[in-house]
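Asker: My structure is below; once you've seen it, I'll send some questions.
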Amino acid sequence: NQWVYKFGGGSSEGDTSMKNLLGGKGANLAEMASLGLPVPPGFTLTTDVCTWYYDHDETYPDDMNDQIETGLSHIEALTGKTFGDPTNPLLVSVRSGARASMPGMMDTVLNLGLNDETVAGLAELSGDRRFALDSYRRFITMYSDVVMGVHHHTFEDILEDAKLDAGYRNDTEMTADDWAGVIEQYKAAVRDALGRDFPQDAREQLQGAVDAVFGSWMNERAVVYRRLNDIPAAWGTAVNVQAMVFGNMGDTSATGVAFTRDPSTGENRYYGEFLINAQGEDVVAGIRTPQTLTRESRLSMGEDAPSMEEALPEVYQQLADVFVRLEAHYRDMQDIEFTVERGKLWMLQTRTGKRTARAALKIAVDMAEDGSISTDEALMRVDPLSLDQLLHPTLDPDASRDIIASGLPASPGAAIGEVVFTSDDAEAMVRAGHKVILVRVETSPEDIHGMHAAEAIVTARGGMTSHAAVVARGMGTPCVSGAGDIKIDYAAGQFTCAGRTIKQGDIVTVDGATGQVFAGEVSMIQPELSGDFAKVMGWADAARTLQVRTNAETPLDVETAKGFGAEGIGLCRTEHMFFEADRLAHFREMILADSEEARREALAKILPVQRDDFAAIFRVMEDRPCTIRLLDPPLHEFLPHAEADIAAVAESIGVPASELMSRARELEETNPMLGHRGCRLGISYPEIYEMQARAILEAQALVAKETGTTPVAEIMIPLVSGEIELRLLRERIDAVARDIGVSDYTVGTMIELPRAALRAGAIAEFADFFSFGTNDLTQTTFGLSRDDAGKFLPDYVRAGIMDKDPFVTLDQDGVGDLIQIATERGRGRKSGLKLGICGEHGGDPASIDFCQRTGLDYVSCSPYRVPIARLAAAQAAI
Ligand code: ADP
Ligand code: MG
Ligand code: MG
């Protein structure tokens with residue numbers, strides 16, 4: 001078995017297509033090396049090793065060690081150095097790298113191979129003793145922390161004290177002798193903590209680091225991250241062992257990160273940060289404030305420290321050339337890590353860059369328009385769910401505002417919430433129904449849960465590529481990073497800034513697009529959906545074959561959905577219209593009526609109100625089809641239950657409280673979800689459905705006459721279990737239509753009971769359309785009450801019985817089978833039968849893909865999901 005894949009020196013055994021085996025980092029290092037880019041040589045231990053390791057009691061395959069030796073020889077040959085050699089030592093980094101980038105895994109160990117002897121060799125070779133000792137103290141800190149479990153605070157405290165004693169402010173003031181002293185203290189600290197010495201043998205160090213990477217695959221943070229992101233444990237991680245290059249060799253050395261385009265806005269300009277005389281981790285950790293990559297961004301940010309373009313112009317040019325080559329090769333925006341060692345550029349990582357939704361749209365449009373990618377590819381590049389970020393409000397530019405702090409615009413979007421200082425508090429407050437803004441000095445992978453919970457994140461330290469910034473952009477959460485004037489006092493639960501004090505629980509507004517934080521609430525405005533958004537939506541509309549409708553009944557929702565491009569209404573829930581105070585009284589009168597005649601009298605009062613409701617909808621939708629569902633919920637939902645309410649309602653509608661109470665009790669059901677609801681109401685009280693049908697058809701005629709449009713009424717009957725219910729109710733509707741003298745309407749049914757799906761052939765006889773009500777169909781197929789499932793579904797997900805909540809993502813195996821059966825049988829009987837879906841799933845991309853494959857005509861979703869569904873439908877069609 002090949003466990004080890006080598007790269008470097010202009011060729012590689014792996015390539016970018018081998019991400020599953022080599023992890024993302026390893027596959028792209030191999031690819032870059034093959035492209036002839038300057039990549040320090042190295043090798044990758046495959047994810048198969050990880051799998052093997054966990055399948056075999058945390059041991060390794062027998063033939064792996066020889067392959068590691070061969071890998072080391074490969075690096076030694078290309079670098080001319082020898083691992084563990086006191087005079088000419090090879091140092092390596094040990095880097096974890098799963099298929100998908102995964103915070104929570106082991107951090108990288110740099111400078112591995114250093115010990116008391118090789119550090120002298122390194123000093124000799126480089127002619128720089130201070131550099132060698134700086135590297136050694138970094139190595140001891142990292143290795144002790146991530147491999148041996150001695151917390152890095154231990155070492156930071158020692159360093160702080162040493163600086164304090166010497167009167168230094170920065171690490172850069174530390175001399176070689178100072179570092180030598182610190183190293184002695186570090187080693188003593190390790191001995192104190194663990195009762196053994198810091199390992200001196202290079203091979204033992206390497207083994208320890210490799211063990212730690214594979215071990216970290218199962219640590220708690222990694223497990224939580226995988227659960228949140230649907231990453232299977234079986235994937236495993238790879239380990240990369242790579243020759244060190246040194247960004248800490250003085251003022252012609254540097255380290256940095258860059259994006260080939262701006263990851264916040266998508267603008268086509270280089271974007272990045274670097275630090276002179278530093279090693280990789282320093283940029284991300286926010287230890288010093290990094291400098292900008294280009295002169296242009298230095299000027300736009302008003303920075304004084306020279307950009308890389310100005311400070312190291314030749315290397316900058318090499319880097320810019322690499323950007324061009326990488327973008328041309330990968331045909332997408334890249335996120336890059338590099339190091340400059342004494343004026344020579346080295347590439348340490350590339351990957352497809354994470355970006356905001358806005359940037360994703362802009363980059364996709366720009367690349368499609370310049371011909372780098374096709375419009376289909378452009379559509380596939382945008383995550384439909386991420387569009388949600390763009391559909392929401394931003395700060396009203398005219399609103400008055402009280403600025404308290406400013407930092408970097410690390411992740412766009414605006415948010416309002418209460419200040420909290422820890423991730424645990426953030427989570428707890430959100431659980432209690434609050435909206436929170438997480439304010440921290442900086443964030444680390446331990447904060448993921450708090451960052452998820454928060455509306456926005458503010459950090460006092462760190463740049464645009466700090467942990468907080470990168471993670472927030474990935475989650476679409478607004479973030480302001482590096483708001484340096486903020487002084488946080490965790491113990492007191494407050495921060496101060498420019499002489500003001502903000503306490504835990506105080507409301508602030510964050511604008512991630514400008515990097516500003518305001519006291520109190522700032523008012524917001526609705527987004528403008530033009531430009532790149534409109535272009536991508538236009539391409540999506542051309543590419544998709546599924547229609548997209550909306551579930552809406554209030555004129556405001558209908559209007560919003562139309563603005564988002566809804567092509568019709570897939571579900572108008574008429575009962576929502578009864579809950580308004582003026583109609584509720586009539587409706588209750590109707591429920592309390594003790595004869596059909598009395599019922600008809602009450603219904604006659606509701607008719608004009610309903611007609612107005614439907615007319616309003618038809619006016620907005622013009623000639624787009626509107627599926628209107630007749631009354632669905634059980635009647636007792638409309639009656640009061642608490643004694644005090646009963647008395648008040650009884651008085652207001654003029655019946656004795658006792659009568660109301662006994663009727664409410666009569667209507668009570670043990671299992672309302674499976675009780676007297678849906679078409680069963682229409683069977684018991686046909687006059688209700690007749691009134692609704694009349695209101696719909698009269699409204700349709702009215703609006704047609706008034707506006708000259710052709711409103712399309714589709715009357716939908718809920719919860720049928722077979723053809724006879726539908727036949728009987730349809731006869732009633734047709735009679736009403738004849739009475740009014742109209743014929744331009746259709747009648748269909750929801751398929752939301754397994755029996756209805758199975759009897760779809762017979763039902764189709766009487767239906768012009770089916771709409772799959774997948775919320776109820778999921779409940780009834782699983783025999784699972786949606787209102788109670790919350791208590792145990794998490795156990796099911798954890799136990800691996802379900803991998804997703806079936807109310808969010810359609811259960812394609814079971815519920816999906818029923819949909820398929822109903823589609824085949826329904827269309828078998830009536831080939832032109834129109835089919836749609838109107839459950840929550842109508843706005844879920846994976847479910848939309850299923851609808852496409854099954855051959856439905858449309859999906860219907862809530863108004864804010866409409867753009868998401870349009871794009872998802874296009875992706876499903878491509
Ligand atoms: P992460 O996945 O957390 O980014 P990496 O393995 O990419 O971890 O490494 C962390 C930092 O160390 C990065 O800045 C990277 O560029 C730097 N680094 C990794 N390997 C080397 C190396 N061989 N020489 C110099 N710097 C390195
Ligand atoms: Mg990295
Ligand atoms: Mg239903």
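Order determines the names: the first chain of the structure tokens is A, the second B, and so forth; residues in each chain are numbered 1 upward, and ligands are numbered 1 upward as they are shown.
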Fewer than 6 positions away in the same chain doesn't count, so skip those; otherwise give me all residues within 8 Å of Gln349 of chain A, counting only C-alpha atoms, as an mmCIF file with N, CA and C atoms, in the first residue's frame.
Answerer:
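This is the output file selection_18.cif:
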data_model
loop_
_atom_site.group_PDB
_atom_site.id
_atom_site.type_symbol
_atom_site.label_atom_id
_atom_site.label_comp_id
_atom_site.auth_asym_id
_atom_site.auth_seq_id
_atom_site.Cartn_x
_atom_site.Cartn_y
_atom_site.Cartn_z
ATOM 1 N N LYS A 25 -5.056 20.309 1.670
ATOM 2 C CA LYS A 25 -3.752 20.973 1.711
ATOM 3 C C LYS A 25 -2.725 20.167 0.917
ATOM 4 N N ASN A 28 -3.274 20.142 -2.939
ATOM 5 C CA ASN A 28 -2.910 21.393 -3.614
ATOM 6 C C ASN A 28 -1.425 21.702 -3.525
ATOM 7 N N LEU A 29 -0.765 21.266 -2.457
ATOM 8 C CA LEU A 29 0.699 21.426 -2.415
ATOM 9 C C LEU A 29 1.314 20.623 -3.555
ATOM 10 N N ASP A 335 -7.057 31.351 -2.033
ATOM 11 C CA ASP A 335 -6.640 31.824 -0.718
ATOM 12 C C ASP A 335 -5.270 31.188 -0.485
ATOM 13 N N ILE A 336 -4.269 32.018 -0.268
ATOM 14 C CA ILE A 336 -2.886 31.560 -0.374
ATOM 15 C C ILE A 336 -2.094 31.863 0.894
ATOM 16 N N GLU A 337 -1.173 30.962 1.256
ATOM 17 C CA GLU A 337 -0.188 31.257 2.303
ATOM 18 C C GLU A 337 1.187 31.247 1.677
ATOM 19 N N PHE A 338 2.001 32.214 2.047
ATOM 20 C CA PHE A 338 3.349 32.259 1.480
ATOM 21 C C PHE A 338 4.345 32.694 2.545
#
Asker: Neighbouring residues of Ile751 of chain A were defined as those with any atom within 7 Å, considering only C-alpha atoms; residues of the same chain fewer than 3 positions away were excluded. Please report them as a list in words.
Answerer: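 Contacts, with the query itself left out: Leu719, Ala756, Ala757, Phe770, Ser771, Phe772 and Gly773 of chain A.
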Asker: Give me a file of those residues, with C-alpha atoms, as a PDB file, in the first residue's frame.
Answerer:
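Once written, out-v4.pdb looks like this:
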ATOM      1  CA  LEU A 719     -55.772  16.143   3.525  1.00  0.00           C
ATOM      2  CA  ALA A 756     -53.367   9.593  -0.860  1.00  0.00           C
ATOM      3  CA  ALA A 757     -49.934   8.997  -2.402  1.00  0.00           C
ATOM      4  CA  PHE A 770     -51.337  17.752  -6.857  1.00  0.00           C
ATOM      5  CA  SER A 771     -49.324  19.697  -4.342  1.00  0.00           C
ATOM      6  CA  PHE A 772     -47.133  17.619  -2.075  1.00  0.00           C
ATOM      7  CA  GLY A 773     -47.640  18.920   1.449  1.00  0.00           C
TER       8      GLY A 773
END
Asker: Counting only C-alpha atoms and all ligand atoms, what residues are within 10 Å of ligand 3, given as a count of residues only?
Answerer: 23
Asker: Compute the set of protein, DNA and RNA residues whose minimum atom distance to ligand 1 is at most 9 Å, using only C-alpha atoms and all ligand atoms, and state it as a PyMOL selection string.
Answerer: chain A and resi 25+39-42+91-97+101-103+105-111+240-247+255-257+279-284+336-340+346-349
Asker: Separation of atom CA of Leu395 of chain A and atom CA of Met524 of chain A, in Å?
Answerer: 4.2 Å
Asker: Using only C-alpha atoms, which of A:Ile373, A:Cys851, A:Val712, A:Val471 sits nearest Thr356 of chain A?
Answerer: A:Val471
Asker: Env of Thr46 of chain A: 6 Å cut, atoms = only C-alpha atoms, seq-sep filter 2 positions within chain, self excluded. Answer as a PyMOL selection string.
Answerer: chain A and resi 3+21-22+44+48-49+238
Asker: If we count only C-alpha atoms, what is near Glu706 of chain A at a cut-off of 12 Å, once residues fewer than 6 positions away on the same chain are taken out, given as JSON, numbers by chain?
Answerer: {"A": [615, 616, 618, 619, 622, 699, 700]}
Asker: Can you write just those residues out, C-alpha atoms, as a CSV table (one decimal), in the first residue's frame?
Answerer:
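Result file result15.csv:
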chain,number,residue,atom,x,y,z
A,615,ALA,CA,-59.0,40.1,-4.6
A,616,ALA,CA,-56.0,41.7,-2.9
A,618,PHE,CA,-55.0,38.5,-7.3
A,619,ARG,CA,-54.3,42.1,-7.8
A,622,GLU,CA,-51.8,39.6,-11.8
A,699,ALA,CA,-62.8,37.7,-6.4
A,700,GLN,CA,-61.2,36.3,-9.5
Asker: List the neighbours of Val510 of chain A out to 9 Å using only C-alpha atoms; skip same-chain residues closer than 5 positions along the sequence, and give me the result as a ChimeraX atom specification.
Answerer: /A:413-417,437,456-458,478-480,515-519,522
Asker: Which neighbours of segment 133-142 of chain A fall inside 7 Å, counting only C-alpha atoms, when residues of the same chain fewer than 4 positions from it are skipped, and could you give them as JSON, numbers by chain?
Answerer: {"A": [109, 110, 111, 112, 114, 119, 129, 146, 152, 155, 176, 179, 180, 183]}
Asker: Taking into account only C-alpha atoms and all ligand atoms, which residue in the set A:His56, A:Thr350, A:Pro306, A:Gly828 is nearest to ligand 2?
Answerer: A:Thr350
Asker: I'd like the interatomic distance between atom CA of Gly463 of chain A and atom CA of Ala360 of chain A, to a tenth of an Å.
Answerer: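 Atom CA of Ala360 of chain A lies 21.2 Å from atom CA of Gly463 of chain A.
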Asker: Got a sec: who's within 8 Å of Ala120 of chain A, counting only C-alpha atoms, leaving out chain neighbours fewer than 6 positions off, as a PyMOL selection string?
Answerer: chain A and resi 86-87+129+132
Asker: What does the distance between atom CA of Thr237 of chain A and atom CA of Thr47 of chain A come to in Å, to one decimal place?
Answerer: 4.9 Å
Asker: Hey, what does DSSP flag as strand (DSSP E) within segment 662-795 of chain A? Can you give it to me as a ChimeraX atom specification?
Answerer: /A:712-717,745-751,769-772
Asker: For Val548 of chain A, which residue out of A:His153, A:Arg624, A:Lys705, A:His467 is the nearest one, using only C-alpha atoms?
Answerer: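 Of the candidates, the smallest distance to Val548 of chain A is held by A:Arg624.
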Asker: Which is closest to Arg549 of chain A among A:Thr627, A:Thr70, A:Asn219, A:Thr823, if we use only C-alpha atoms?
Answerer: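 Checking each of A:Thr627, A:Thr70, A:Asn219, A:Thr823 against Arg549 of chain A, counting only C-alpha atoms, the winner is A:Thr627.
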